Structure formats: C-alpha cells, structure tokens
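Novice: One structure coming up, written as structure tokens, with questions to follow.
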Amino acid sequence: MHFLKLQIQYGGDINETILPTNSSDPTVEELQKHIEKQLNIPTHVQRIMFKGQNLHEKPEGKLRRYGITNASLIRVVGRKQPIRPSFVLFNISCTWAANWAVLVAGSNGWYNYRHQADVCHAYQILHKNGIPDSNIIVMMYDDLAKNIENPTKGIVINHPNGGDVYHGVPHDYTHLEVTPKNFMHVLLGNKEALKGVGSGKVLESGPDDNVFIYFTDHGAVGLVAFPHGVLHAKELNETITKMYTQKKYKQMVIYIEACESGSMLENLLPNNINVYATTASNAEESSYACYYDEKRRTYLGDVYSVVWMEDSDVEQIEQETLYQQYLVTQKNTNTSHVMQYGDLNLGKSHNVSEFQGAIKQLFKSNRNLIKKHYNAVLRRDAVPTQDVRISIVSRRLAAVKDNSIEKQKLERELAQLYKDRAIIKTRIEQIASTALSINRADYLEIVIEEHLKLTRYDCYQSVIEYIQEKCFDLQNEFVLNKLYIIANLCEIGLFDLTINQAVDQVCNERLHFDY
C-alpha cells in the first residue's frame, strides 16, 4: 500500500488529505474517487486543476505525469451534490437540499426551431453548473436534430456560429408526450399518471429543495401553447399553489418566454408562497424571435431567452441575484417589456446559482464588450412572434434565384400565409360582431382594438376550447395573436354560452392551417 499526501483547495478552504493507493503512480481517477468520498463531490461534476492543467479531462492520466508529488496543492471545483438522504440525530431531522429543474419547449417544426434551441441551451447551463440529469426534466418535441431541413444533422445551435447545444440533452418527454397535462403531472410529482410515458421522470423535490422552471413557446392572453393543447393561466397557478401546499419546494423560480406571457401570472401568482418569476413580455404584447441564420434559414433564439442565458453563460452567478439578472434581461430585451411577479424580495435576496446550479466557474470567460455589442447588433433582426413565419419565407424568397422553381414555391407559400392571416382575423372579428349583434354592437370597436385585463378565466377557457373544436387549432400564431378579442368579449360581460352560439354561426366548417 502506498500513500500520497496532498493539499486540496476547495472554495476558501485548504484541506490536507492522504490518498491511499496500491500503485506508486496513482491515476487521476483514483484521486477523483478519493475526493468524492472525502468531499461528497460526485466524480462527474469535479473540475481538478494543478498549475493550469485540467486533470479531470483525462481520468486515466498518471498524477506523476502532471508533476504532482507529496504536499502538492490541487484546486478542486464542483458542487457537493450527495443523494439526498434523511436521517434523525438526537431527535433532529436532517436533510440535504437539492436543485431540480423542468425545461419545456411547447412547439414543433423547423419554423419554430428557436424554442427547442432555447431549451437545449438552458439544459447545457444547468448541466455545466452541476445539476445532475436525474434532477433535470426536459420536455421538447425533438424534431430538429434529424430534421430534413437541418444542414448539420444531430446539431442544434442557439446563436449564429454557436456551438452545439443538443448533445447530452435528456429526452424525457418528446413528440405526443409534450402536453399540458403531462407538464402538470411532472410538477406535482405524479409518477402514477406518467407510468409508461416517456422517461416517467417527475419532480421528486421536497421542502428543502429549490426548483427552476423554464418554458418557451407561443402564447396568448391567459394561455401558453403546447404541440397538442394549451395550458391556461388558471391551471398553471392552481398547480403552483398545489406544489406549495404539498411542500414540493423551498423556493421556486419560473422564467416564461411567450407572447403576452405576463398574463400567465399577473394578479394570479401570490407574493407569499416563495415563488419568483419573470416573463418575456407584459400581458398585452408579443415576444420576439432573433438570430436569423442564413444556413439553417430559420430563427435560432428568442430575445428574452438568449439574453438571460448569455448572461448566465458569462456571469459569476453565485454573486448575481435573480433581480440583477432580471435587470440585465430587462435592459437588453429592448423589443418587449420584461416583467417580474410573485415574491420580489426572493429575487433580491437569492442568487441565480441557487436555482441554475452552484459550481463556481473559476475560468468563466469575462464579459467581452465587443462580443456583447455584436450580440446586441445581431438581435436587431428581431421580429414579433406572429410575424416569424412570414419573415422566414420572405428572407428565403430574397435569397433564391429569380425564375427558379423554389422561388415560385416560396411565393405561393407567402401568399398563402397572408391569406391564412386574413381569414383568421376575419373569422374572429365575425365571432365578436355576431356575439355583440343583439344589444351591445357599440362595444365592437373596444373589443377589437383594446386589450382588457383578463379576469373571467372560466368564460374565456370555455370559449377557447369551443373555438379549438369548431374553428381551427389554437397553436397557429395568427390565431393566438387575436385571442385577446375573445377575452374582451368575456370581460365586457357576455356569457360563454352567448359567445359559443356566435362561434356556431361563424364556424360552419373547421379550417386547417400550417403552424
């Protein structure tokens, strides 16, 4: 048996340790296992450095090869993440806290590339910061990596000329499994409901754990869309309240990227249940896509999302409060009004690392002002969500040769998009006109032009579900952009029965649109 005496610097502490080994020339892997045993830092999150050398990159390497001898000082970075046991000592219950995260992209299709790219990027941040995959639940359609339009098969990026963010991402719930009901089951830890569905992973968090939720997709007043179905604001907030009463978290942070995303939380999320949230926009306006890529011919990201993630990429998030990240995101999202809701004191008193992972990145790249300016310039191509599809086709059209077959195809596609938008606008305005025709015709201008605050959630949900059944899918961004008119009909006092009768009269056939 041989022994190697080492000094290990972890955080601000330097500890002496004895590495027992059967060899006179131990490997990095032996050191990693010893550190895991002594410091409770899992091997897979360890970063071991000695005189500028990253030992963890080659576990099979010999310590002597790196110049390590008795009394050498080694620096270790890594988040202590033991399996969360619970035990009783002198009648005191002791539990280690853990981080949990749920990441959701609610769309599918190449034109909606950016949403899944956002989620993949978010995963890379959390994974790099030491949150284990067992504690990260990902819901996304997963139709990008092998998509026929993907010129770099197996690769997804979130920034022009950016690195692959798809590698390693868990495929917990994909395709038809990405639904509002499954999302709520995940949040509530309902394993039985998800038995045989996807990975079956759910939040198994408890009263000492922090939870981070990130959702990105299309939205409308009082709802966000999934590939199949929509999640209403009332349903989301009822689920959050259940999580609180069931002690599913100590503190929770929610980031939402969607049009009118503020309406998911405004006047609904309490300020006393330890939840802090920010949204890409207020309750009335669009969120914006950005980073159009000529090679992939689609938008790679959403403004709010890439801003907060690029901040987390370079910032020392163990020193940055949630409120500070909100201010950075608010300042650099100049296309919409980034909002905050819930327990605002939580945002000011807790750091980002408490929810996005706590490995201290000793070698994080410094903020580069030139790069920061370059990213801001790139985001000038931002377009509101409802115009993304038209913008993409228009850009493709401008790039193809005159008189080509592809140009003719794109011209037909663009014309159809404008036609679809006009049909949808007309139908929804006809529903309003018909519903108001009996005794409130003078309200028509207000209903079509104004954005009233949604309070009659049950009326709105009833009509929305009926429109889905009788008129067209809600997931189309042209439809979502006009649903505030339906909310307004409820808000001026019409009953859902009256509005649904108007739907029957206007939607004599159900229409299908691409989205």
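The chains in the structure tokens are called A, B, ... from first to last as shown; in each chain the residues are counted from 1, and the ligands are counted from 1 in the order shown.
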I'd like the contact shell of region 240-250 of chain A - 10 Å cut-off, only C-alpha atoms, skipping same-chain residues fewer than 4 positions apart - returned as a PDB file with C-alpha atoms, in the first residue's frame.

Specialist:
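Below is the file that was written, selection.pdb:
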ATOM      1  CA  ALA A  97     -31.104  20.241  -0.198  1.00  0.00           C
ATOM      2  CA  ALA A  98     -31.035  19.640  -3.941  1.00  0.00           C
ATOM      3  CA  ASN A  99     -31.716  21.544  -7.140  1.00  0.00           C
ATOM      4  CA  TRP A 100     -34.440  20.487  -9.551  1.00  0.00           C
ATOM      5  CA  MET A 184     -48.633  19.441 -14.626  1.00  0.00           C
ATOM      6  CA  LEU A 187     -44.651  19.449 -11.486  1.00  0.00           C
ATOM      7  CA  LEU A 188     -46.844  17.645  -8.965  1.00  0.00           C
ATOM      8  CA  GLY A 189     -44.629  14.564  -8.883  1.00  0.00           C
ATOM      9  CA  LEU A 203     -40.185  16.364  -9.693  1.00  0.00           C
ATOM     10  CA  GLU A 204     -39.234  14.477  -6.571  1.00  0.00           C
ATOM     11  CA  SER A 205     -38.307  17.658  -4.778  1.00  0.00           C
ATOM     12  CA  GLY A 206     -39.139  18.353  -1.163  1.00  0.00           C
ATOM     13  CA  PRO A 207     -39.445  21.237   1.308  1.00  0.00           C
ATOM     14  CA  ASP A 208     -35.671  21.875   1.380  1.00  0.00           C
ATOM     15  CA  ASP A 209     -35.153  21.943  -2.402  1.00  0.00           C
ATOM     16  CA  ASN A 210     -35.049  24.734  -4.957  1.00  0.00           C
ATOM     17  CA  VAL A 211     -36.925  24.355  -8.242  1.00  0.00           C
ATOM     18  CA  PHE A 212     -36.313  26.159 -11.546  1.00  0.00           C
ATOM     19  CA  LYS A 234     -55.606  29.482 -14.058  1.00  0.00           C
ATOM     20  CA  GLU A 235     -54.429  25.858 -14.447  1.00  0.00           C
ATOM     21  CA  LEU A 236     -50.774  26.863 -14.098  1.00  0.00           C
ATOM     22  CA  LEU A 269     -49.296  34.461  -8.651  1.00  0.00           C
ATOM     23  CA  PRO A 270     -49.292  35.173  -4.889  1.00  0.00           C
ATOM     24  CA  ILE A 273     -45.559  31.292  -1.495  1.00  0.00           C
ATOM     25  CA  ASN A 274     -41.799  31.630  -2.167  1.00  0.00           C
ATOM     26  CA  VAL A 275     -42.056  31.871  -5.960  1.00  0.00           C
TER      27      VAL A 275
END

Novice: Just asking: which residues within region 290-429 of chain A are alpha helix (DSSP H) according to DSSP, as a VMD selection string?

Specialist: chain A and resid 303 to 314 322 to 332 344 to 349 353 to 356 369 to 378 388 to 399 405 to 429

Novice: Calculated over only C-alpha atoms, which of the candidates A:Asn271, A:Gln9, A:Asn403, A:Asn375 has the smallest distance to Tyr341 (chain A)?

Specialist: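 Under the stated criterion, the closest residue is A:Asn271.
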
Novice: May I have a table of the residues of region 99-192 of chain A lying at most 7 Å from region 290-311 of chain A, giving each one's closest pair of atoms and their distance in Å to one decimal, counting only C-alpha atoms, ordered by chain and ascending residue number, as JSON lines?

Specialist:
{"residue": "A:Tyr111", "atom": "CA", "partner": "A:Thr298", "partner_atom": "CA", "distance": 6.0}
{"residue": "A:Tyr113", "atom": "CA", "partner": "A:Leu300", "partner_atom": "CA", "distance": 6.3}
{"residue": "A:Arg114", "atom": "CA", "partner": "A:Gly301", "partner_atom": "CA", "distance": 4.3}
{"residue": "A:His115", "atom": "CA", "partner": "A:Gly301", "partner_atom": "CA", "distance": 6.8}
{"residue": "A:Ala117", "atom": "CA", "partner": "A:Leu300", "partner_atom": "CA", "distance": 6.7}
{"residue": "A:Asp118", "atom": "CA", "partner": "A:Gly301", "partner_atom": "CA", "distance": 6.1}
{"residue": "A:Ala122", "atom": "CA", "partner": "A:Met309", "partner_atom": "CA", "distance": 6.7}
{"residue": "A:Asn150", "atom": "CA", "partner": "A:Arg296", "partner_atom": "CA", "distance": 6.4}
{"residue": "A:Pro151", "atom": "CA", "partner": "A:Arg296", "partner_atom": "CA", "distance": 6.6}
{"residue": "A:Ile157", "atom": "CA", "partner": "A:Leu300", "partner_atom": "CA", "distance": 6.8}
{"residue": "A:Asn158", "atom": "CA", "partner": "A:Leu300", "partner_atom": "CA", "distance": 5.0}
{"residue": "A:His159", "atom": "CA", "partner": "A:Leu300", "partner_atom": "CA", "distance": 6.1}
{"residue": "A:Pro160", "atom": "CA", "partner": "A:Asp293", "partner_atom": "CA", "distance": 6.2}

Novice: Quick one: everything within 6 Å of Tyr214 (chain A), counting only C-alpha atoms, minus sequence neighbours fewer than 4 positions away in the same chain. Send it as a JSON list (two decimals) with C-alpha atoms, in the first residue's frame.

Specialist:
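Listing of selection_18.json after writing:
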[["chain", "number", "residue", "atom", "x", "y", "z"],
["A", 103, "LEU", "CA", -37.42, 22.76, -19.07],
["A", 254, "ILE", "CA", -40.11, 30.49, -13.13],
["A", 255, "TYR", "CA", -38.97, 32.01, -16.45],
["A", 256, "ILE", "CA", -41.57, 32.19, -19.27]]

Novice: So that I can see what lies close to Ser199 (chain A), please list as an NGL selection string the residues with an atom at most 10 Å from it, counting only C-alpha atoms and leaving out residues fewer than 4 positions away in the same chain.

Specialist: :A and (137-138 or 170-174 or 194-195)

Novice: Quick one: DSSP strand (DSSP E) residues in region 240-397 of chain A, as a PyMOL selection string?

Specialist: chain A and resi 251-257+275-279+288-293+298-302+339-342+383-384

Novice: Filtering to C-alpha atoms, could you give me those residues as a PDB file, in the first residue's frame?

Specialist:
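Ended up saving to result_17.pdb:
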ATOM      1  CA  GLN A 251     -38.144  28.349  -3.215  1.00  0.00           C
ATOM      2  CA  MET A 252     -39.098  28.247  -6.876  1.00  0.00           C
ATOM      3  CA  VAL A 253     -38.140  30.395  -9.860  1.00  0.00           C
ATOM      4  CA  ILE A 254     -40.108  30.488 -13.127  1.00  0.00           C
ATOM      5  CA  TYR A 255     -38.968  32.014 -16.454  1.00  0.00           C
ATOM      6  CA  ILE A 256     -41.566  32.185 -19.268  1.00  0.00           C
ATOM      7  CA  GLU A 257     -40.839  33.051 -22.902  1.00  0.00           C
ATOM      8  CA  VAL A 275     -42.056  31.871  -5.960  1.00  0.00           C
ATOM      9  CA  TYR A 276     -40.259  34.449  -8.086  1.00  0.00           C
ATOM     10  CA  ALA A 277     -40.987  34.707 -11.816  1.00  0.00           C
ATOM     11  CA  THR A 278     -40.020  36.755 -14.840  1.00  0.00           C
ATOM     12  CA  THR A 279     -41.655  36.831 -18.268  1.00  0.00           C
ATOM     13  CA  TYR A 288     -39.651  38.384 -30.220  1.00  0.00           C
ATOM     14  CA  ALA A 289     -37.547  35.904 -32.184  1.00  0.00           C
ATOM     15  CA  CYS A 290     -33.947  36.720 -33.108  1.00  0.00           C
ATOM     16  CA  TYR A 291     -30.707  35.422 -34.636  1.00  0.00           C
ATOM     17  CA  TYR A 292     -31.839  34.540 -38.152  1.00  0.00           C
ATOM     18  CA  ASP A 293     -29.393  32.030 -39.614  1.00  0.00           C
ATOM     19  CA  THR A 298     -34.761  29.995 -39.518  1.00  0.00           C
ATOM     20  CA  TYR A 299     -34.503  31.966 -36.264  1.00  0.00           C
ATOM     21  CA  LEU A 300     -32.211  30.389 -33.677  1.00  0.00           C
ATOM     22  CA  GLY A 301     -33.419  32.050 -30.479  1.00  0.00           C
ATOM     23  CA  ASP A 302     -35.845  34.330 -28.682  1.00  0.00           C
ATOM     24  CA  MET A 339     -41.785  41.672 -16.201  1.00  0.00           C
ATOM     25  CA  GLN A 340     -41.367  40.169 -12.722  1.00  0.00           C
ATOM     26  CA  TYR A 341     -44.024  38.645 -10.471  1.00  0.00           C
ATOM     27  CA  GLY A 342     -44.500  36.847  -7.185  1.00  0.00           C
ATOM     28  CA  VAL A 383     -39.345  40.102 -35.202  1.00  0.00           C
ATOM     29  CA  PRO A 384     -42.581  39.668 -33.241  1.00  0.00           C
TER      30      PRO A 384
END

Novice: CA of Glu429 (chain A) and CA of Ile448 (chain A), how far apart in Å?

Specialist: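 Taking CA of Ile448 (chain A) and CA of Glu429 (chain A), their separation equals 7.1 Å.
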
Novice: Env of region 404-410 of chain A: 12 Å cut, atoms = only C-alpha atoms, seq-sep filter 5 positions within chain, self excluded. Answer as a ChimeraX atom specification.

Specialist: /A:389-399,415-417

Novice: Could those residues be written to a file, using N, CA and C atoms, as a PDB file, in the first residue's frame?

Specialist:
ATOM      1  N   ARG A 389     -43.086  33.457 -39.206  1.00  0.00           N
ATOM      2  CA  ARG A 389     -43.223  32.584 -40.372  1.00  0.00           C
ATOM      3  C   ARG A 389     -43.155  33.397 -41.668  1.00  0.00           C
ATOM      4  N   ILE A 390     -43.832  34.531 -41.683  1.00  0.00           N
ATOM      5  CA  ILE A 390     -43.796  35.401 -42.866  1.00  0.00           C
ATOM      6  C   ILE A 390     -42.389  35.934 -43.096  1.00  0.00           C
ATOM      7  N   SER A 391     -41.705  36.292 -42.013  1.00  0.00           N
ATOM      8  CA  SER A 391     -40.340  36.806 -42.126  1.00  0.00           C
ATOM      9  C   SER A 391     -39.398  35.754 -42.690  1.00  0.00           C
ATOM     10  N   ILE A 392     -39.523  34.516 -42.217  1.00  0.00           N
ATOM     11  CA  ILE A 392     -38.650  33.440 -42.689  1.00  0.00           C
ATOM     12  C   ILE A 392     -38.847  33.200 -44.186  1.00  0.00           C
ATOM     13  N   VAL A 393     -40.111  33.107 -44.605  1.00  0.00           N
ATOM     14  CA  VAL A 393     -40.385  32.857 -46.027  1.00  0.00           C
ATOM     15  C   VAL A 393     -39.908  34.036 -46.873  1.00  0.00           C
ATOM     16  N   SER A 394     -40.094  35.255 -46.371  1.00  0.00           N
ATOM     17  CA  SER A 394     -39.639  36.437 -47.106  1.00  0.00           C
ATOM     18  C   SER A 394     -38.124  36.445 -47.260  1.00  0.00           C
ATOM     19  N   ARG A 395     -37.417  36.082 -46.203  1.00  0.00           N
ATOM     20  CA  ARG A 395     -35.951  36.013 -46.268  1.00  0.00           C
ATOM     21  C   ARG A 395     -35.494  34.922 -47.234  1.00  0.00           C
ATOM     22  N   ARG A 396     -36.154  33.789 -47.182  1.00  0.00           N
ATOM     23  CA  ARG A 396     -35.799  32.707 -48.103  1.00  0.00           C
ATOM     24  C   ARG A 396     -36.038  33.141 -49.555  1.00  0.00           C
ATOM     25  N   LEU A 397     -37.148  33.834 -49.742  1.00  0.00           N
ATOM     26  CA  LEU A 397     -37.512  34.292 -51.083  1.00  0.00           C
ATOM     27  C   LEU A 397     -36.472  35.259 -51.640  1.00  0.00           C
ATOM     28  N   ALA A 398     -35.974  36.135 -50.781  1.00  0.00           N
ATOM     29  CA  ALA A 398     -34.982  37.128 -51.220  1.00  0.00           C
ATOM     30  C   ALA A 398     -33.642  36.477 -51.565  1.00  0.00           C
ATOM     31  N   ALA A 399     -33.422  35.271 -51.052  1.00  0.00           N
ATOM     32  CA  ALA A 399     -32.113  34.624 -51.236  1.00  0.00           C
ATOM     33  C   ALA A 399     -32.068  33.665 -52.427  1.00  0.00           C
ATOM     34  N   ALA A 415     -47.922  33.882 -50.133  1.00  0.00           N
ATOM     35  CA  ALA A 415     -49.284  34.333 -50.435  1.00  0.00           C
ATOM     36  C   ALA A 415     -50.297  33.596 -49.567  1.00  0.00           C
ATOM     37  N   GLN A 416     -50.069  32.294 -49.359  1.00  0.00           N
ATOM     38  CA  GLN A 416     -50.980  31.508 -48.525  1.00  0.00           C
ATOM     39  C   GLN A 416     -50.942  31.968 -47.074  1.00  0.00           C
ATOM     40  N   LEU A 417     -49.761  32.329 -46.581  1.00  0.00           N
ATOM     41  CA  LEU A 417     -49.648  32.824 -45.203  1.00  0.00           C
ATOM     42  C   LEU A 417     -50.446  34.108 -45.012  1.00  0.00           C
TER      43      LEU A 417
END
